[in-house]
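K.L.:
CSV, C-alpha atoms and all ligand atoms, saved as run.csv, coming up:
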chain,number,residue,atom,x,y,z
A,27,MET,CA,-69.8,18.9,-44.1
A,28,VAL,CA,-70.5,22.5,-43.4
A,29,PHE,CA,-70.7,23.3,-39.7
A,30,LYS,CA,-74.2,24.5,-38.9
A,31,ILE,CA,-75.9,25.8,-35.7
A,32,GLN,CA,-79.7,25.2,-35.5
A,33,GLU,CA,-81.9,27.6,-33.5
A,34,GLN,CA,-84.9,26.9,-31.2
A,35,VAL,CA,-84.5,23.2,-31.4
A,36,ASP,CA,-87.1,20.8,-29.9
A,37,LEU,CA,-85.2,18.4,-27.7
A,38,SER,CA,-87.7,15.5,-27.7
A,39,PRO,CA,-85.7,13.5,-30.2
A,40,TYR,CA,-82.5,14.2,-28.3
A,41,ASN,CA,-83.4,12.6,-24.9
A,42,SER,CA,-84.5,9.0,-24.1
A,43,PHE,CA,-87.3,10.3,-21.8
A,44,GLY,CA,-88.7,12.0,-24.9
A,45,VAL,CA,-89.6,15.1,-23.0
A,46,SER,CA,-90.1,18.2,-25.1
A,47,GLN,CA,-88.0,21.2,-24.1
A,48,LYS,CA,-86.3,23.7,-26.4
A,49,ALA,CA,-82.6,24.6,-26.8
A,50,ALA,CA,-81.8,28.1,-28.0
A,51,TYR,CA,-79.0,26.7,-30.1
A,52,LEU,CA,-77.8,23.2,-31.0
A,53,ALA,CA,-74.6,22.3,-32.9
A,54,ASP,CA,-73.9,18.9,-34.4
A,55,ILE,CA,-70.2,18.2,-33.6
A,56,GLN,CA,-68.4,16.1,-36.2
A,57,ASP,CA,-64.8,17.0,-35.2
A,58,ALA,CA,-62.5,19.2,-33.1
A,59,ALA,CA,-62.8,22.0,-35.7
A,60,ASP,CA,-66.5,22.1,-35.1
A,61,LEU,CA,-65.9,22.3,-31.4
A,62,ARG,CA,-63.6,25.3,-31.9
A,63,GLU,CA,-66.3,27.1,-34.0
A,64,ALA,CA,-69.0,26.2,-31.5
A,65,ARG,CA,-66.9,27.6,-28.6
A,66,GLU,CA,-66.3,30.8,-30.5
A,67,PHE,CA,-70.0,31.1,-31.2
A,68,ALA,CA,-71.0,30.6,-27.6
A,69,GLY,CA,-68.2,32.9,-26.4
A,70,SER,CA,-69.4,35.7,-28.7
A,71,LYS,CA,-73.0,35.5,-27.4
A,72,ARG,CA,-72.0,34.6,-23.8
A,73,LEU,CA,-74.0,31.4,-24.0
A,74,PRO,CA,-73.9,28.6,-21.5
A,75,ILE,CA,-72.9,25.2,-23.1
A,76,LEU,CA,-74.3,21.8,-22.5
A,77,ILE,CA,-72.7,18.6,-23.8
A,78,LEU,CA,-75.0,15.9,-25.1
A,79,GLY,CA,-74.6,12.4,-26.5
A,80,GLN,CA,-77.7,10.4,-27.1
A,81,GLY,CA,-79.5,11.9,-24.1
A,82,SER,CA,-80.1,8.5,-22.5
A,83,ASN,CA,-78.9,9.8,-19.1
A,84,THR,CA,-80.4,13.3,-19.2
A,85,LEU,CA,-83.6,14.7,-18.0
A,86,PHE,CA,-84.5,18.2,-19.4
A,87,ILE,CA,-86.7,20.0,-16.9
A,88,LYS,CA,-86.7,23.4,-18.7
A,89,ASP,CA,-85.7,25.0,-21.9
A,90,PHE,CA,-81.9,25.4,-22.3
A,91,PRO,CA,-81.0,29.0,-23.0
A,92,GLY,CA,-77.5,28.3,-24.4
A,93,LEU,CA,-75.7,26.1,-27.0
A,94,ILE,CA,-76.0,22.3,-26.9
A,95,LEU,CA,-73.0,20.4,-28.3
A,96,HIS,CA,-74.5,17.3,-29.8
A,97,MET,CA,-71.6,14.8,-30.1
A,98,ASN,CA,-71.5,13.1,-33.4
A,99,THR,CA,-67.8,12.4,-34.0
A,100,ARG,CA,-67.2,9.1,-35.7
A,101,GLY,CA,-64.5,6.5,-36.0
A,102,ARG,CA,-63.3,3.2,-34.5
A,103,GLU,CA,-59.7,2.1,-34.8
A,104,ILE,CA,-57.8,-1.0,-33.6
A,105,LEU,CA,-54.4,0.3,-32.5
A,106,PRO,CA,-51.0,-1.5,-32.7
A,107,GLY,CA,-50.5,-3.3,-29.4
A,108,ALA,CA,-52.6,-6.3,-28.4
A,109,GLY,CA,-56.2,-5.4,-27.6
A,110,MET,CA,-55.9,-1.6,-27.9
A,111,LEU,CA,-58.8,0.2,-29.4
A,112,ARG,CA,-59.8,3.8,-29.9
A,113,ALA,CA,-63.3,5.1,-30.6
A,114,ALA,CA,-64.7,8.5,-31.3
A,115,ALA,CA,-67.1,10.0,-28.7
A,116,GLY,CA,-70.1,10.1,-31.0
A,117,GLU,CA,-70.0,6.3,-31.7
A,118,ASN,CA,-72.8,4.2,-30.3
A,119,TRP,CA,-71.6,2.3,-27.3
A,120,HIS,CA,-73.5,-1.0,-28.0
A,121,GLU,CA,-72.3,-1.0,-31.6
A,122,LEU,CA,-68.7,-0.7,-30.2
A,123,VAL,CA,-69.3,-3.7,-28.0
A,124,LYS,CA,-70.5,-5.7,-31.1
A,125,PHE,CA,-67.5,-4.4,-33.1
A,126,CYS,CA,-65.1,-5.7,-30.4
A,127,LEU,CA,-66.7,-9.1,-30.4
A,128,GLN,CA,-66.4,-9.3,-34.2
A,129,ASN,CA,-62.7,-8.4,-33.9
A,130,SER,CA,-62.0,-10.9,-31.1
A,131,LEU,CA,-61.5,-8.2,-28.5
A,132,TYR,CA,-63.0,-9.3,-25.2
A,133,GLY,CA,-64.0,-7.9,-21.9
A,134,ILE,CA,-66.9,-5.5,-22.4
A,135,GLU,CA,-69.6,-8.0,-23.3
A,136,ASN,CA,-71.2,-7.5,-19.9
A,137,LEU,CA,-71.8,-3.8,-20.9
A,138,ALA,CA,-73.8,-4.7,-24.0
A,139,LEU,CA,-77.0,-2.9,-24.8
A,140,ILE,CA,-76.2,0.1,-22.5
A,141,PRO,CA,-77.7,3.0,-24.6
A,142,GLY,CA,-75.7,6.1,-25.4
A,143,THR,CA,-72.4,7.2,-26.8
A,144,VAL,CA,-68.8,6.2,-26.3
A,145,GLY,CA,-68.0,9.7,-25.1
A,146,ALA,CA,-70.6,9.6,-22.3
A,147,ALA,CA,-69.3,6.2,-21.1
A,148,PRO,CA,-66.5,7.6,-18.9
A,149,ILE,CA,-68.7,10.4,-17.5
A,150,GLN,CA,-70.5,8.1,-15.1
A,151,ASN,CA,-68.1,5.1,-15.6
A,152,ILE,CA,-70.8,3.0,-17.0
A,153,GLY,CA,-71.3,-0.4,-15.4
A,154,ALA,CA,-73.5,-3.4,-15.5
A,155,TYR,CA,-73.4,-7.1,-14.6
A,156,GLY,CA,-70.2,-6.9,-12.5
A,157,VAL,CA,-68.1,-4.9,-15.0
A,158,GLU,CA,-67.3,-1.2,-15.1
A,159,LEU,CA,-65.7,0.9,-17.9
A,160,GLU,CA,-62.7,1.8,-15.8
A,161,GLN,CA,-61.5,-1.8,-15.9
A,162,PHE,CA,-60.7,-1.4,-19.6
A,163,PHE,CA,-60.0,2.3,-19.8
A,164,VAL,CA,-56.6,3.6,-20.9
A,165,GLU,CA,-57.0,7.2,-21.8
A,166,LEU,CA,-59.2,9.8,-23.5
A,167,GLU,CA,-58.7,12.9,-25.5
A,168,ALA,CA,-60.7,15.9,-24.4
A,169,PHE,CA,-61.3,19.4,-25.7
A,170,GLU,CA,-61.1,22.1,-23.0
A,171,LEU,CA,-63.9,24.5,-23.4
A,172,LYS,CA,-62.1,27.0,-21.2
A,173,THR,CA,-58.9,27.2,-23.3
A,174,GLY,CA,-59.8,25.6,-26.6
A,175,GLU,CA,-56.8,23.2,-26.0
A,176,LEU,CA,-56.8,19.4,-26.6
A,177,ARG,CA,-55.8,17.3,-23.6
A,178,HIS,CA,-55.0,13.6,-22.9
A,179,MET,CA,-56.3,12.2,-19.7
A,180,SER,CA,-55.2,9.0,-18.0
A,181,LYS,CA,-57.3,6.7,-15.9
A,182,ALA,CA,-56.0,8.4,-12.7
A,183,ASP,CA,-56.9,11.9,-14.2
A,184,CYS,CA,-60.5,10.8,-14.6
A,185,GLU,CA,-61.0,9.9,-10.9
A,186,PHE,CA,-63.4,7.1,-11.7
A,187,ALA,CA,-65.7,5.8,-9.0
A,188,TYR,CA,-69.1,4.1,-8.8
A,189,ARG,CA,-71.2,5.9,-11.5
A,190,ASP,CA,-68.9,8.9,-11.1
A,191,SER,CA,-65.8,10.6,-12.5
A,192,ILE,CA,-64.1,14.0,-12.5
A,193,PHE,CA,-66.4,14.9,-15.5
A,194,LYS,CA,-69.4,15.2,-13.2
A,195,GLN,CA,-67.9,18.1,-11.2
A,196,ASP,CA,-66.5,21.5,-12.1
A,197,PRO,CA,-64.1,22.0,-13.8
A,198,GLY,CA,-64.4,18.5,-15.4
A,199,GLN,CA,-67.8,19.5,-16.8
A,200,LYS,CA,-66.0,21.9,-19.1
A,201,LEU,CA,-64.2,19.0,-20.9
A,202,VAL,CA,-65.6,17.6,-24.1
A,203,VAL,CA,-64.5,14.0,-24.6
A,204,LEU,CA,-63.5,13.5,-28.2
A,205,SER,CA,-62.3,9.9,-28.1
A,206,VAL,CA,-61.7,7.0,-25.7
A,207,THR,CA,-58.9,4.4,-25.8
A,208,LEU,CA,-59.6,1.0,-24.2
A,209,GLN,CA,-57.4,-2.0,-23.5
A,210,LEU,CA,-59.3,-5.2,-24.2
A,211,CYS,CA,-58.3,-8.8,-23.9
A,212,ALA,CA,-57.2,-11.0,-26.8
A,213,GLU,CA,-58.3,-14.0,-24.9
A,214,PRO,CA,-61.9,-14.5,-23.6
A,215,THR,CA,-62.1,-13.6,-19.9
A,216,PRO,CA,-65.8,-14.2,-19.0
A,217,GLN,CA,-66.9,-12.3,-15.9
A,218,LEU,CA,-69.8,-14.2,-14.4
A,219,GLY,CA,-70.0,-12.7,-10.9
A,220,TYR,CA,-73.5,-11.5,-11.4
A,221,ALA,CA,-75.7,-14.4,-10.4
A,222,GLY,CA,-78.4,-13.9,-13.0
A,223,LEU,CA,-75.8,-14.3,-15.7
A,224,GLN,CA,-74.7,-17.7,-14.5
A,225,GLU,CA,-78.4,-18.8,-14.6
A,226,ALA,CA,-79.0,-17.4,-18.0
A,227,LEU,CA,-76.1,-19.4,-19.4
A,228,GLN,CA,-77.8,-22.6,-18.2
A,229,GLY,CA,-74.6,-24.5,-17.8
A,230,GLU,CA,-73.3,-23.7,-21.3
A,231,GLU,CA,-69.7,-22.7,-21.8
A,232,ALA,CA,-69.3,-19.0,-21.2
A,233,THR,CA,-68.0,-17.8,-24.6
A,234,PRO,CA,-67.9,-14.0,-25.1
A,235,GLN,CA,-70.8,-14.3,-27.6
A,236,ARG,CA,-72.9,-16.3,-25.2
A,237,VAL,CA,-72.2,-13.8,-22.4
A,238,PHE,CA,-73.2,-11.0,-24.8
A,239,ASP,CA,-76.4,-12.8,-25.8
A,240,ALA,CA,-77.3,-13.5,-22.2
A,241,VAL,CA,-76.7,-9.9,-21.1
A,242,CYS,CA,-78.9,-8.7,-24.0
A,243,ALA,CA,-81.6,-11.2,-23.1
A,244,ILE,CA,-81.6,-10.3,-19.4
A,245,ARG,CA,-81.7,-6.5,-20.2
A,246,LYS,CA,-84.5,-6.9,-22.7
A,247,SER,CA,-86.6,-8.9,-20.2
A,248,LYS,CA,-86.0,-6.4,-17.4
A,249,LEU,CA,-85.7,-2.9,-18.8
A,250,PRO,CA,-88.2,-1.0,-20.9
A,251,ASP,CA,-87.0,-0.1,-24.4
A,252,PRO,CA,-86.6,3.7,-24.6
A,253,GLU,CA,-87.8,3.5,-28.2
A,254,LEU,CA,-91.1,2.3,-27.0
A,255,ILE,CA,-91.5,4.0,-23.6
A,256,GLY,CA,-89.4,7.0,-22.6
A,257,ASN,CA,-86.9,6.3,-19.7
A,258,ALA,CA,-83.3,6.7,-18.7
A,259,GLY,CA,-82.6,3.4,-17.0
A,260,SER,CA,-81.9,3.6,-13.3
A,261,PHE,CA,-82.9,7.0,-12.1
A,262,PHE,CA,-81.0,6.7,-8.7
A,263,LYS,CA,-77.6,5.3,-7.7
A,264,ASN,CA,-77.5,2.5,-5.3
A,265,PRO,CA,-76.7,4.1,-1.9
A,266,VAL,CA,-73.4,3.3,-0.1
A,267,VAL,CA,-73.8,3.2,3.7
A,268,SER,CA,-71.7,2.1,6.7
A,269,ARG,CA,-71.9,-1.5,8.0
A,270,THR,CA,-73.2,0.0,11.3
A,271,LYS,CA,-76.0,1.6,9.4
A,272,LEU,CA,-76.8,-1.7,7.7
A,273,LEU,CA,-76.9,-3.6,11.0
A,274,LYS,CA,-79.3,-1.0,12.4
A,275,LEU,CA,-81.6,-1.2,9.3
A,276,ARG,CA,-81.6,-5.0,9.4
A,277,GLU,CA,-83.2,-4.8,12.9
A,278,SER,CA,-86.3,-3.5,11.1
A,279,TYR,CA,-85.7,-5.1,7.7
A,280,PRO,CA,-83.9,-8.4,8.2
A,281,ASP,CA,-84.1,-9.3,4.5
A,282,LEU,CA,-82.4,-6.1,3.3
A,283,PRO,CA,-79.8,-7.2,0.8
A,284,ALA,CA,-76.3,-5.6,0.7
A,285,TRP,CA,-73.2,-5.9,-1.4
A,286,ASP,CA,-69.6,-5.5,-0.3
A,287,THR,CA,-67.5,-2.6,-1.6
A,288,ASP,CA,-63.8,-2.1,-1.9
A,289,ASP,CA,-64.0,-0.4,1.6
A,290,PRO,CA,-64.6,-3.1,4.3
A,291,ASP,CA,-66.5,-0.5,6.4
A,292,LEU,CA,-69.0,0.4,3.6
A,293,VAL,CA,-71.7,-1.6,1.8
A,294,LYS,CA,-73.9,-0.8,-1.2
A,295,LEU,CA,-77.7,-1.2,-0.9
A,296,PRO,CA,-80.1,-1.8,-3.8
A,297,ALA,CA,-82.1,1.4,-4.3
A,298,ALA,CA,-84.7,-0.7,-6.2
A,299,TRP,CA,-85.3,-2.8,-3.1
A,300,LEU,CA,-85.7,0.2,-0.8
A,301,LEU,CA,-88.2,1.8,-3.3
A,302,ASP,CA,-90.1,-1.4,-3.8
A,303,LYS,CA,-90.4,-1.8,-0.1
A,304,LYS,CA,-92.2,1.6,0.0
A,305,GLY,CA,-94.6,0.5,-2.7
A,306,TRP,CA,-93.3,2.8,-5.5
A,307,LYS,CA,-93.8,0.4,-8.4
A,308,GLY,CA,-96.5,1.7,-10.7
A,309,LYS,CA,-97.1,5.0,-8.9
A,310,THR,CA,-97.8,8.0,-11.2
A,311,ARG,CA,-97.5,11.7,-11.3
A,312,GLY,CA,-98.9,13.5,-14.4
A,313,GLY,CA,-97.6,11.6,-17.4
A,314,ALA,CA,-94.7,10.2,-15.3
A,315,ALA,CA,-94.7,6.8,-13.7
A,316,VAL,CA,-92.5,4.4,-11.8
A,317,HIS,CA,-92.2,1.3,-14.0
A,318,GLU,CA,-94.6,-1.6,-13.0
A,319,ASP,CA,-91.7,-4.1,-12.8
A,320,HIS,CA,-88.8,-1.9,-11.8
A,321,ALA,CA,-89.0,0.6,-8.9
A,322,LEU,CA,-85.7,2.3,-10.1
A,323,VAL,CA,-86.9,3.1,-13.5
A,324,LEU,CA,-89.1,6.2,-14.1
A,325,VAL,CA,-91.0,6.3,-17.4
A,326,ASN,CA,-92.8,8.8,-19.5
A,327,THR,CA,-96.1,7.1,-20.1
A,328,ALA,CA,-98.0,10.0,-21.7
A,329,GLY,CA,-96.6,13.3,-22.6
A,330,ALA,CA,-94.8,13.8,-19.2
A,331,THR,CA,-92.9,17.0,-18.7
A,332,GLY,CA,-89.4,16.9,-17.2
A,333,GLU,CA,-90.9,18.5,-14.2
A,334,ASP,CA,-93.5,15.7,-13.7
A,335,ILE,CA,-90.6,13.2,-13.7
A,336,LEU,CA,-88.5,15.2,-11.4
A,337,LEU,CA,-91.3,15.8,-8.9
A,338,LEU,CA,-92.1,12.1,-8.9
A,339,ALA,CA,-88.4,11.3,-8.3
A,340,GLN,CA,-88.3,13.9,-5.5
A,341,ASP,CA,-91.3,12.3,-3.8
A,342,MET,CA,-89.6,8.9,-4.1
A,343,SER,CA,-86.3,10.1,-2.5
A,344,SER,CA,-88.1,11.9,0.3
A,345,SER,CA,-89.9,8.7,1.2
A,346,ILE,CA,-86.6,6.8,1.3
A,347,LEU,CA,-85.0,9.5,3.5
A,348,GLN,CA,-88.0,9.4,5.9
A,349,SER,CA,-88.2,5.6,6.1
A,350,PHE,CA,-84.5,4.5,6.0
A,351,GLY,CA,-82.6,7.7,6.7
A,352,ILE,CA,-80.9,7.4,3.3
A,353,ALA,CA,-80.5,10.3,0.9
A,354,LEU,CA,-80.7,8.8,-2.7
A,355,GLN,CA,-78.6,10.5,-5.3
A,356,THR,CA,-79.7,10.7,-8.9
A,357,GLU,CA,-77.8,8.8,-11.6
A,358,VAL,CA,-79.5,10.8,-14.3
A,359,ARG,CA,-78.2,14.3,-15.1
A,360,ILE,CA,-80.9,17.0,-14.6
A,361,ALA,CA,-80.6,19.8,-17.0
B,1,LIG,C1,-82.8,1.7,-20.8
B,1,LIG,C2,-81.5,2.2,-20.2
B,1,LIG,C3,-80.7,1.4,-19.5
B,1,LIG,C4,-79.5,1.9,-19.0
B,1,LIG,N1,-78.6,1.0,-18.4
B,1,LIG,C5,-77.4,1.5,-17.9
B,1,LIG,C6,-76.5,0.6,-17.2
B,1,LIG,O1,-76.8,-0.6,-17.2
B,1,LIG,N2,-75.4,1.1,-16.8
B,1,LIG,C7,-75.1,2.4,-16.9
B,1,LIG,O2,-74.0,2.8,-16.4
B,1,LIG,N3,-75.9,3.3,-17.5
B,1,LIG,C8,-77.1,2.9,-18.0
B,1,LIG,N4,-78.0,3.7,-18.6
B,1,LIG,C9,-77.6,5.2,-18.6
B,1,LIG,C10,-77.0,5.6,-20.0
B,1,LIG,O3,-77.1,4.6,-20.9
B,1,LIG,C11,-75.5,5.9,-19.8
B,1,LIG,O4,-75.2,6.8,-18.8
B,1,LIG,C12,-74.8,6.4,-21.1
B,1,LIG,O5,-73.4,6.4,-21.0
B,1,LIG,C13,-75.4,7.7,-21.5
B,1,LIG,O6,-74.9,8.0,-22.8
B,1,LIG,P1,-75.5,9.3,-23.6
B,1,LIG,O7,-74.7,9.5,-24.8
B,1,LIG,O8,-76.9,9.0,-23.9
B,1,LIG,O9,-75.3,10.4,-22.6
B,1,LIG,P2,-76.1,11.8,-22.4
B,1,LIG,O10,-77.4,11.5,-21.6
B,1,LIG,O11,-76.2,12.5,-23.7
B,1,LIG,O12,-75.1,12.5,-21.4
B,1,LIG,C14,-74.9,12.0,-20.1
B,1,LIG,C15,-73.8,12.9,-19.5
B,1,LIG,O13,-72.5,12.7,-20.2
B,1,LIG,C16,-72.1,14.0,-20.6
B,1,LIG,N5,-71.5,13.8,-22.0
B,1,LIG,C17,-72.0,13.1,-23.0
B,1,LIG,N6,-71.1,13.0,-24.0
B,1,LIG,C18,-70.0,13.7,-23.6
B,1,LIG,C19,-68.8,14.0,-24.2
B,1,LIG,N7,-68.5,13.6,-25.4
B,1,LIG,N8,-67.9,14.7,-23.5
B,1,LIG,C20,-68.1,15.1,-22.2
B,1,LIG,N9,-69.3,14.9,-21.6
B,1,LIG,C21,-70.3,14.2,-22.3
B,1,LIG,C22,-73.3,14.9,-20.7
B,1,LIG,O14,-72.9,16.2,-20.6
B,1,LIG,C23,-74.1,14.4,-19.5
B,1,LIG,O15,-73.6,14.9,-18.3
B,1,LIG,C24,-79.2,3.3,-19.1
B,1,LIG,C25,-80.0,4.1,-19.8
B,1,LIG,C26,-81.2,3.6,-20.4
B,1,LIG,C27,-82.1,4.5,-21.1
When written as structure tokens, how does the structure in this file appear?
Ligand SMILES: Cc1cc2nc3c(=O)[nH]c(=O)nc-3n(C[C@H](O)[C@H](O)[C@H](O)COP(=O)(O)OP(=O)(O)OC[C@H]3O[C@@H](n4cnc5c(N)ncnc54)[C@H](O)[C@@H]3O)c2cc1C
P.N.:
Amino acid sequence: MVFKIQEQVDLSPYNSFGVSQKAAYLADIQDAADLREAREFAGSKRLPILILGQGSNTLFIKDFPGLILHMNTRGREILPGAGMLRAAAGENWHELVKFCLQNSLYGIENLALIPGTVGAAPIQNIGAYGVELEQFFVELEAFELKTGELRHMSKADCEFAYRDSIFKQDPGQKLVVLSVTLQLCAEPTPQLGYAGLQEALQGEEATPQRVFDAVCAIRKSKLPDPELIGNAGSFFKNPVVSRTKLLKLRESYPDLPAWDTDDPDLVKLPAAWLLDKKGWKGKTRGGAAVHEDHALVLVNTAGATGEDILLLAQDMSSSILQSFGIALQTEVRIA
């Protein structure tokens, strides 16, 4: 295919909130050669660059004056060596999970139905139902926008953390993921730590297919489908606070839930619980709303602008700061 750059592109089909902003330029990236051309183009016009997968974790609040690299590289390959698999960045994540099941490669069933691309998965170390990408991550290949060189990055290089990695900070933001290599399990290894998952299995044997089906069913019952109503899943991360802070908060909120973290001094609190306590479910601002059933999910009900959604999110985080002394961090990338 001939490499083509489109101009003045409406971004509504390129983000799961469905907000309508424009990009000055957008390039559909099929391979590393396209990236080289795109880099030269942006360099010659001194354009800022933004990397985009399926836009399911991105909120556009204004027009983008530069070049968007829309990642559309394809390919999935089972590698020699038990359970090793490489997938191109533009592949759909959920389709990869299905492909793994079909090929008796196990472990990522709990991450079924997470929207978006394979290339975006390491950016926030996607996670759900007790599993995170980093558990299966081996390495990735990235294109350095600064130098135009290809680079292999190990798990340690990526500095994974809870919904975080080196790619969320400079200079990591200048790296375009081209492919991701995972080490999966040849034997089923069901991970049933998440209580709702045990219940959904209703005492049946936890085969990988059943775990996959249960995760899909829970997600469909809980989260709005972005095809039907624009959203980006959880808008905020769950805050991590000290145990001392937890004890203090529990003097006023004895039923405040908390989860242990790897650090014995720190606990993670459910942002949805905090927001729900402050009555945010169903609140609206312009065409933006907090989902009726899920206080962590902001939705585009009727032609919301990115700014409507952002202002609503800011009001929500201010109320949490005021009431609990906790500064929420966004999980969604604001562009
Ligand atoms: C309904 C719903 C439910 C969700 N549930 C979950 C969940 O359970 N767990 C979870 O972790 N997330 C969840 N998300 C968030 C989202 O699905 C993930 O963050 C996903 O990985 C985003 O993929 P994307 O291709 O759409 O990324 P985009 O929104 O296109 O990009 C996200 C970030 O990744 C960067 N990026 C994308 N591709 C590349 C690349 N090839 N190289 C370098 N950088 C790149 C972008 O620059 C941006 O910073 C949910 C979203 C929705 C809409």
K.L.:
Could you list, as a VMD selection string, all the residues within 6 Å of ligand LIG 1 (chain B), counting all atoms listed in the file?
P.N.:
chain A and resid 42 77 to 84 97 115 140 to 143 145 to 147 149 152 to 154 201 to 204 249 251 to 252 257 to 259 359
K.L.:
Please provide the set of residues having any atom within 8 Å of Phe163 (chain A), restricted to all atoms listed in the file, with same-chain residues fewer than 3 positions apart removed, written as an MDAnalysis selection string.
P.N.:
chainID A and resid 159:160 181 206:209
K.L.:
Expressed in Å to a single decimal, how great is the separation between CA of Ala50 (chain A) and CA of Phe90 (chain A)?
P.N.:
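These two atoms are separated by 6.3 Å.
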K.L.:
Counting only C-alpha atoms, figure out which residue out of A:Leu93, A:Val28, A:Met179, A:Leu137 gets nearest to Ala53 (chain A).
P.N.:
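Selected residue with least distance to Ala53 (chain A): A:Leu93.
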K.L.:
Please return as a list in words every residue within 12 Å of (-77.7, -5.1, -34.4), taking into account all atoms listed in the file and the file's own coordinates.
P.N.:
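Counting all atoms listed in the file, I find these residues within 12 Å of (-77.7, -5.1, -34.4): Asn118, Trp119, His120, Glu121, Leu122, Val123, Lys124, Phe125, Ala138, Leu139, Asp239 and Cys242 of chain A.
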K.L.:
Contacts of Thr233 (chain A) at 12 Å or less, counting all atoms listed in the file, minus same-chain residues fewer than 2 places along, as an mmCIF file with C-alpha atoms, keeping the file's coordinate frame?
P.N.:
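Ended up saving to part05.cif:
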data_model
loop_
_atom_site.group_PDB
_atom_site.id
_atom_site.type_symbol
_atom_site.label_atom_id
_atom_site.label_comp_id
_atom_site.auth_asym_id
_atom_site.auth_seq_id
_atom_site.Cartn_x
_atom_site.Cartn_y
_atom_site.Cartn_z
ATOM 1 C CA LEU A 127 -66.700 -9.100 -30.400
ATOM 2 C CA SER A 130 -62.000 -10.900 -31.100
ATOM 3 C CA TYR A 132 -63.000 -9.300 -25.200
ATOM 4 C CA GLY A 133 -64.000 -7.900 -21.900
ATOM 5 C CA GLU A 135 -69.600 -8.000 -23.300
ATOM 6 C CA ASN A 136 -71.200 -7.500 -19.900
ATOM 7 C CA GLU A 213 -58.300 -14.000 -24.900
ATOM 8 C CA PRO A 214 -61.900 -14.500 -23.600
ATOM 9 C CA THR A 215 -62.100 -13.600 -19.900
ATOM 10 C CA PRO A 216 -65.800 -14.200 -19.000
ATOM 11 C CA GLN A 217 -66.900 -12.300 -15.900
ATOM 12 C CA LEU A 218 -69.800 -14.200 -14.400
ATOM 13 C CA LEU A 227 -76.100 -19.400 -19.400
ATOM 14 C CA GLY A 229 -74.600 -24.500 -17.800
ATOM 15 C CA GLU A 230 -73.300 -23.700 -21.300
ATOM 16 C CA GLU A 231 -69.700 -22.700 -21.800
ATOM 17 C CA GLN A 235 -70.800 -14.300 -27.600
ATOM 18 C CA ARG A 236 -72.900 -16.300 -25.200
ATOM 19 C CA VAL A 237 -72.200 -13.800 -22.400
ATOM 20 C CA PHE A 238 -73.200 -11.000 -24.800
ATOM 21 C CA ASP A 239 -76.400 -12.800 -25.800
ATOM 22 C CA ALA A 240 -77.300 -13.500 -22.200
#
K.L.:
Excluding Ala182 (chain A) and any residue of its chain fewer than 6 positions from it, enumerate the residues within 12 Å of it, using all atoms listed in the file, and give them as a tab-separated table (two decimals) with C-alpha atoms, keeping the file's coordinate frame.
P.N.:
chain	number	residue	atom	x	y	z
A	160	GLU	CA	-62.70	1.80	-15.80
A	163	PHE	CA	-60.00	2.30	-19.80
A	164	VAL	CA	-56.60	3.60	-20.90
A	165	GLU	CA	-57.00	7.20	-21.80
A	166	LEU	CA	-59.20	9.80	-23.50
A	191	SER	CA	-65.80	10.60	-12.50
A	192	ILE	CA	-64.10	14.00	-12.50
K.L.:
Dig up all the protein and nucleic acid residues within 10 Å of (-73.9, -0.8, 3.6) in the file frame, using all atoms listed in the file, and format them as a list in words.
P.N.:
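Answer for this query, in the requested form: Pro265, Val266, Val267, Ser268, Arg269, Thr270, Lys271, Leu272, Leu273, Leu275, Pro283, Ala284, Trp285, Asp286, Thr287, Pro290, Asp291, Leu292, Val293, Lys294, Leu295 and Pro296 of chain A.
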K.L.:
Name the residues in contact with Ala226 (chain A) at a cut-off of 8 Å, using all atoms listed in the file, excluding same-chain residues fewer than 2 positions from it; report them as number ranges by chain.
P.N.:
A: 222-224, 228, 240, 244
K.L.:
So that I can check the surroundings of Leu176 (chain A), please list as a ChimeraX atom specification every protein, DNA and RNA residue that reaches within 9 Å of it, counting all atoms listed in the file and ignoring chain neighbours fewer than 5 positions away.
P.N.:
/A:58,167-170
K.L.:
I need the residue nearest Glu225 (chain A) from this list: A:Ala330, A:Leu210, A:Val241, A:Cys184. Use only C-alpha atoms for the distance.
P.N.:
A:Val241
K.L.:
Mind giving me the straight-line distance from CA of Phe261 (chain A) to CA of Thr356 (chain A) in Å, one decimal?
P.N.:
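So the two atoms, CA of Phe261 (chain A) and CA of Thr356 (chain A), lie 5.8 Å apart.
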K.L.:
Would you mind reading off the distance between CA of Lys246 (chain A) and CA of Asp341 (chain A), one decimal, in Å?
P.N.:
27.8 Å
